[in-house]
Every structure is written in structure tokens, then in C-alpha cells.
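Working notes, beginning with the structure itself.
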Amino acid sequence: MILYNCKISKEHCFLAIKLIVLFIATLIFNNHICLAKDNVIPYLKKDVYIKLPLLFKDYDNLINIYNGSTYLYPGSFAMDKNYIYIQYVFEPKQKDNVIVLYDHQGNYKGYFLIDSGGKGNAGEALSIKNIDNFTTKIYVASNDGFINTYLFHHDLQKKRLDKVSEDYTGVYNQFSYRNGRWLIEYYENQRNIHTQRTDLNLTDDGFNVINKIKLPLRYSGFITADANKDARLYNKRQGLALGDFYFVASYGAFYYSKLASSKNTYQGIRVFNLSGDMVYEKIIDPKIFINSLIKIGYNVSRIENEGVFVSNDNKIIYSLYVYSDRVHKNTATKEGIVILMDAFD
């Protein structure tokens with residue numbers, strides 16, 4: 001009936017029908033993909049790399065030393081064959097940040113101080129470069145567009161690291177260094193909570209731009225849910241990690257059971273090629289994420305992502321989550337941080 005009543009040729013009618021079928025199939029496929037995102041398999045016990053305490057052994061001592069500080073909170077991490085490095089930031093902000101060290105068996109190895117704190121510093125980036133078996137460069141972002149470099153000697157004798165250089169890169173908060181290349185969250189004009197975090201620069205070792213990457217706002221988000229009325233509609237990016245042929249962004253603002261979950265509290269990772277095209281994502285409703293950690297056996301009171309790291313062989317993505325509060329001190333001195341693994345090949 002359709003063919004004979006059609007005022008154009010049968011061939012055009014057949015083509016129109018095919019296009020309609022294709023359109024409907026595309027809608028079904030896209031709907032299937034959207035449903036699949038809501039049914040992402042959460043993390044299991046086999047995906048745990050290590051569990052660490054939120055409140056490290058020298059935590060109370062540091063709070064007492066820095067008058068006016070009320071707590072310390074992790075914001076980023078990195079790893080090498082010897083140590084897990086976790087950057088803690090004071091609240092209210094102090095002139096110093098703290099780098100806490102663990103070995104890969106979870107043994108606390110101490111801390112050191114870096115003068116890279118201050119108002120507006122979120123501590124959302126930490127990268128390292130091993131110079132030799134006994135010396136490591138520590139890279140941290142300042143609150144005024146600089147990447148600061150510190151020298152860490154593995155004898156663990158110095159509590160304050162020497163700053164050996166500072167390079168203006170326009171870094172907002174997040175960056176990652178790997179094998180002579182930088183990935184830098186870049187801002188050009190005013191740096192404030194309302195700034196969109198969509199601009200990334202891939203550079204060489206000397207900060208010469210190789211490629212400018214523009215991520216969509218839905219893959220970037222804002223630094224705070226109060227940035228504007230729409231901030232809760234976007235996943236909040238919490239960290240960046242550069243691989244040899246891809247980069248990873250981690251996501252997930254603070255969430256606990258009495259909060260209404262919104263898109264900025266969804267937890268997980270996205271993988272992008274070096275042109276900024278997304279090739280993989282694992283984004284999980286925070287309630288489902290919390291339940292997965294409870295099933296593993298953890299005492300969970302909240303959830304928040306605090307950084308991401310790529311293994312030397314590019315095959316494992318590590319992401320750090322805080323799942324306990326400092327107010328639950330009996331728990332937080334034994335656990336509260338978990339580093340999870342995603343295989344990526």
C-alpha cells in the first residue's frame with residue numbers, strides 16, 4: 001500500500017523505508033548503550049590493588065603543628081616500583097602540602113612537606129620521574145599556573161623537599177607527566193571555580209605544545225557543584241593520567257547516603273586517545289559503587305575519587321577512592337582508601 005500510494009518512484013520509497021528502519025535501529029542501539037552504562041559491572045575483590053588508612057600515622061601530629069588546620073585530605077597519587085605517593089592538602093589551606101609514602105605492601109614509610117599549598121590549591125595532580133635508584137623528581141601544581149619540581153632522596157631523612165624549579169604552564173589543577181610528555185589542564189584567562197575545564201595541552205618535555213585537546217563539558221565538569229546551576233549535570237573530573245598512547249580521566253565528587261546522587265557524583269574513569277576521542281568508559285552510580293565496596297568487606301560511609309595512574313606497560317589503570325570519613329576514626333586509622341584496577345589493552 002505504501003509503495004503504490006507513494007508519489008515518487010518505488011526505488012525512492014524503498015530507500016525511505018530503509019532509512020526509517022536504520023533510524024529506528026539506531027535509536028534502539030543507542031538506548032541499549034545508555035542502559036548498558038547504567039549496568040556497568042562494579043568492582044570486585046579481584047580488582048583491589050591495595051587498601052590503605054585514610055588517617056596515616058603522623059596525621060594528628062601534623063594537624064597540631066599547623067595551627068588553624070582542621071583536617072588533611074588526599075587529592076592525588078602516583079606510584080613507582082618502590083612507593084605509593086599520596087598528596088594530602090590541609091583544610092583550611094596552608095602554605096604546605098603533604099606527600100605520604102607507602103610501600104606496595106601497605107607499610108607506612110613516612111611523609112614529607114612541599115611548599116605548594118595555598119588558597120585555591122586542590123592538590124589534584126602529582127607526577128614523578130625517577131632520576132636513579134635513589135632520587136626522584138616530584139611534580140606538583142601550584143595555585144597560580146606553575147608546575148613545581150621537588151627533589152626526593154630515598155633516604156627519607158628530609159621532611160621538607162627542596163624546590164628545584166618552577167615552570168609557568170597555565171595549569172589549572174590537573175596534569176600528568178610521562179616519558180617526556182605532559183598533559184596539562186590549561187586555563188588562559190581568569191582562574192576561578194566558574195572556569196570550564198575543557199582545555200588540555202599535550203606538550204613535550206619543555207612544555208612546547210604538541211596538540212591542543214578540547215574535551216566536551218560533559219567529560220570535564222566543574223571543580224565544584226556550586227560553580228553554576230548546571231554543574232551537577234556533569235561528571236566531575238578529579239584527575240588525569242597520561243599513558244604512552246592514551247590518557248585517562250577519573251571522575252566522582254563526594255557522595256554519601258543522605259545526599260541526592262547527581263551526575264557529578266558518579267564515579268569511574270574514561271579513556272581517550274591523544275586527540276581527545278573517548279574510546280572507553282566505566283562510570284558508576286555512587287550508590288552502586290558503595291554497595292560494591294561493602295560487598296568486598298569494607299566499612300563504607302562515603303565515596304569520592306581522588307586521582308588516577310597508568311602502569312608502565314599501559315595495561316593497568318589504577319584509581320584511588322576515599323570511602324571513609326575522618327570522623328569515623330577507629331575505621332579511618334585502619335582503612336578508608338582503596339586503589340582499584342582496570343585492565344586496559
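Letters A, B, ... mark the chains of the C-alpha cells in the order given; residue numbers begin at 1 per chain; ligand numbers begin at 1, in order shown.
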Notebook entry, point to check: Can you list, as JSON, numbers by chain, every protein, DNA or RNA residue that comes within 12 Å of range 207-218 of chain A when you count only C-alpha atoms, leaving out same-chain residues fewer than 6 positions away?
Noted result: {"A": [146, 147, 167, 168, 169, 170, 171, 175, 177, 180, 181, 182, 183, 184, 185, 186, 187, 195, 196, 197, 198, 199, 200, 201, 230, 231, 232, 233, 234, 235, 236, 237, 247, 249, 251, 263, 264, 270, 271, 272, 273, 274, 275, 276, 277, 278]}
Note to self: Using only C-alpha atoms, which protein or nucleic acid residues come within 6 Å of range 291-302 of chain A? Drop anything in the same chain fewer than 6 positions from it, and give the result as an MDAnalysis selection string.
What the structure shows: chainID A and resid 45 255:256 323:324
Okay, now the selection with N, CA and C atoms, as a compact mmCIF listing (two decimals), in the first residue's frame?
```txt
# COMPACT_ATOMS: atom_id res chain seq x y z
N LYS A 45 36.45 -7.94 44.43
CA LYS A 45 37.64 -8.06 45.29
C LYS A 45 38.91 -8.24 44.46
N TYR A 255 30.11 11.81 47.72
CA TYR A 255 28.74 11.35 47.86
C TYR A 255 28.62 10.50 49.12
N TYR A 256 27.51 10.69 49.84
CA TYR A 256 27.15 9.74 50.90
C TYR A 256 25.64 9.57 50.89
N TYR A 323 36.72 6.18 50.91
CA TYR A 323 35.41 5.61 51.23
C TYR A 323 35.07 5.70 52.71
N SER A 324 35.90 6.40 53.52
CA SER A 324 35.58 6.60 54.93
C SER A 324 35.83 8.05 55.29
```
Note to self: Can you tell me which residues surround Ile63 in chain A at a distance of at most 12 Å, considering only C-alpha atoms, apart from same-chain residues fewer than 6 positions away, and format the answer as JSON, numbers by chain?
What the structure shows: {"A": [55, 56, 57, 69, 70, 71, 72, 73, 88, 89, 90, 91, 92, 93, 94, 97, 98]}
Notebook entry, point to check: Could you pull out the strand (DSSP E) residues of range 115-321 of chain A from DSSP and send them as a count of residues only?
Noted result: 94
Note to self: Could you check the closest approach to Asn107 in chain A for each of A:Asp313, A:Leu202, A:Tyr246, A:Lys334 and tell me which residue wins, using only C-alpha atoms?
What the structure shows: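 Comparing A:Asp313, A:Leu202, A:Tyr246, A:Lys334 against Asn107 in chain A, the winner is A:Lys334.
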Next item on the list: Rounded to one decimal place, report the CA of Gln267 in chain A-CA of Pro53 in chain A distance in Å.
Entry: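 Spanning CA of Gln267 in chain A to CA of Pro53 in chain A is a straight-line distance of 20.2 Å.
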Margin query: Please list as a PyMOL selection string every residue within 9 Å of Ile316 in chain A, counting only C-alpha atoms and excluding residues in the same chain fewer than 2 positions away.
Written below: chain A and resi 309-314+318+341-345
Using only N, CA and C atoms, please write the residues we just selected to a file, as an mmCIF file, in the first residue's frame.
```cif
data_model
loop_
_atom_site.group_PDB
_atom_site.id
_atom_site.type_symbol
_atom_site.label_atom_id
_atom_site.label_comp_id
_atom_site.auth_asym_id
_atom_site.auth_seq_id
_atom_site.Cartn_x
_atom_site.Cartn_y
_atom_site.Cartn_z
ATOM 1 N N PHE A 309 46.109 6.735 37.761
ATOM 2 C CA PHE A 309 47.509 6.493 37.396
ATOM 3 C C PHE A 309 47.552 5.333 36.399
ATOM 4 N N VAL A 310 48.481 5.403 35.430
ATOM 5 C CA VAL A 310 48.628 4.358 34.412
ATOM 6 C C VAL A 310 49.931 3.602 34.638
ATOM 7 N N SER A 311 49.870 2.280 34.561
ATOM 8 C CA SER A 311 51.057 1.443 34.773
ATOM 9 C C SER A 311 52.092 1.666 33.673
ATOM 10 N N ASN A 312 53.323 1.268 33.941
ATOM 11 C CA ASN A 312 54.416 1.487 32.986
ATOM 12 C C ASN A 312 54.169 0.802 31.649
ATOM 13 N N ASP A 313 53.469 -0.334 31.669
ATOM 14 C CA ASP A 313 53.221 -1.066 30.426
ATOM 15 C C ASP A 313 51.892 -0.684 29.771
ATOM 16 N N ASN A 314 51.217 0.329 30.315
ATOM 17 C CA ASN A 314 49.940 0.851 29.777
ATOM 18 C C ASN A 314 48.762 -0.101 29.957
ATOM 19 N N TYR A 318 45.036 2.467 37.433
ATOM 20 C CA TYR A 318 44.795 2.478 38.878
ATOM 21 C C TYR A 318 44.016 3.746 39.234
ATOM 22 N N MET A 341 41.850 -1.399 40.281
ATOM 23 C CA MET A 341 42.500 -1.649 38.987
ATOM 24 C C MET A 341 41.475 -1.900 37.899
ATOM 25 N N ASP A 342 41.765 -1.337 36.717
ATOM 26 C CA ASP A 342 41.035 -1.659 35.491
ATOM 27 C C ASP A 342 42.049 -2.107 34.460
ATOM 28 N N ALA A 343 41.841 -3.284 33.886
ATOM 29 C CA ALA A 343 42.716 -3.743 32.806
ATOM 30 C C ALA A 343 42.358 -3.002 31.539
ATOM 31 N N PHE A 344 43.384 -2.565 30.800
ATOM 32 C CA PHE A 344 43.141 -1.856 29.553
ATOM 33 C C PHE A 344 44.248 -2.230 28.581
ATOM 34 N N ASP A 345 43.872 -2.757 27.434
ATOM 35 C CA ASP A 345 44.883 -3.228 26.472
ATOM 36 C C ASP A 345 44.451 -2.870 25.059
#
```
Next item on the list: In Å, rounded to a single decimal, give me how far CA of Ala241 in chain A is from CA of Leu320 in chain A.
Entry: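 Taking CA of Leu320 in chain A as the start and CA of Ala241 in chain A as the end point, the length is 12.1 Å.
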Item checked: Between CA of Val338 in chain A and CA of Ser116 in chain A, distance in Å (one decimal) ->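 If I compute the distance from CA of Val338 in chain A to CA of Ser116 in chain A, I get 25.2 Å.
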Note to self: For a quick check of understanding, using only C-alpha atoms, which of A:Ile288, A:Ala78, A:Leu161, A:Leu151 has the smallest distance to Gly307 in chain A?
What the structure shows: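 Checking each of A:Ile288, A:Ala78, A:Leu161, A:Leu151 against Gly307 in chain A, counting only C-alpha atoms, the winner is A:Ala78.
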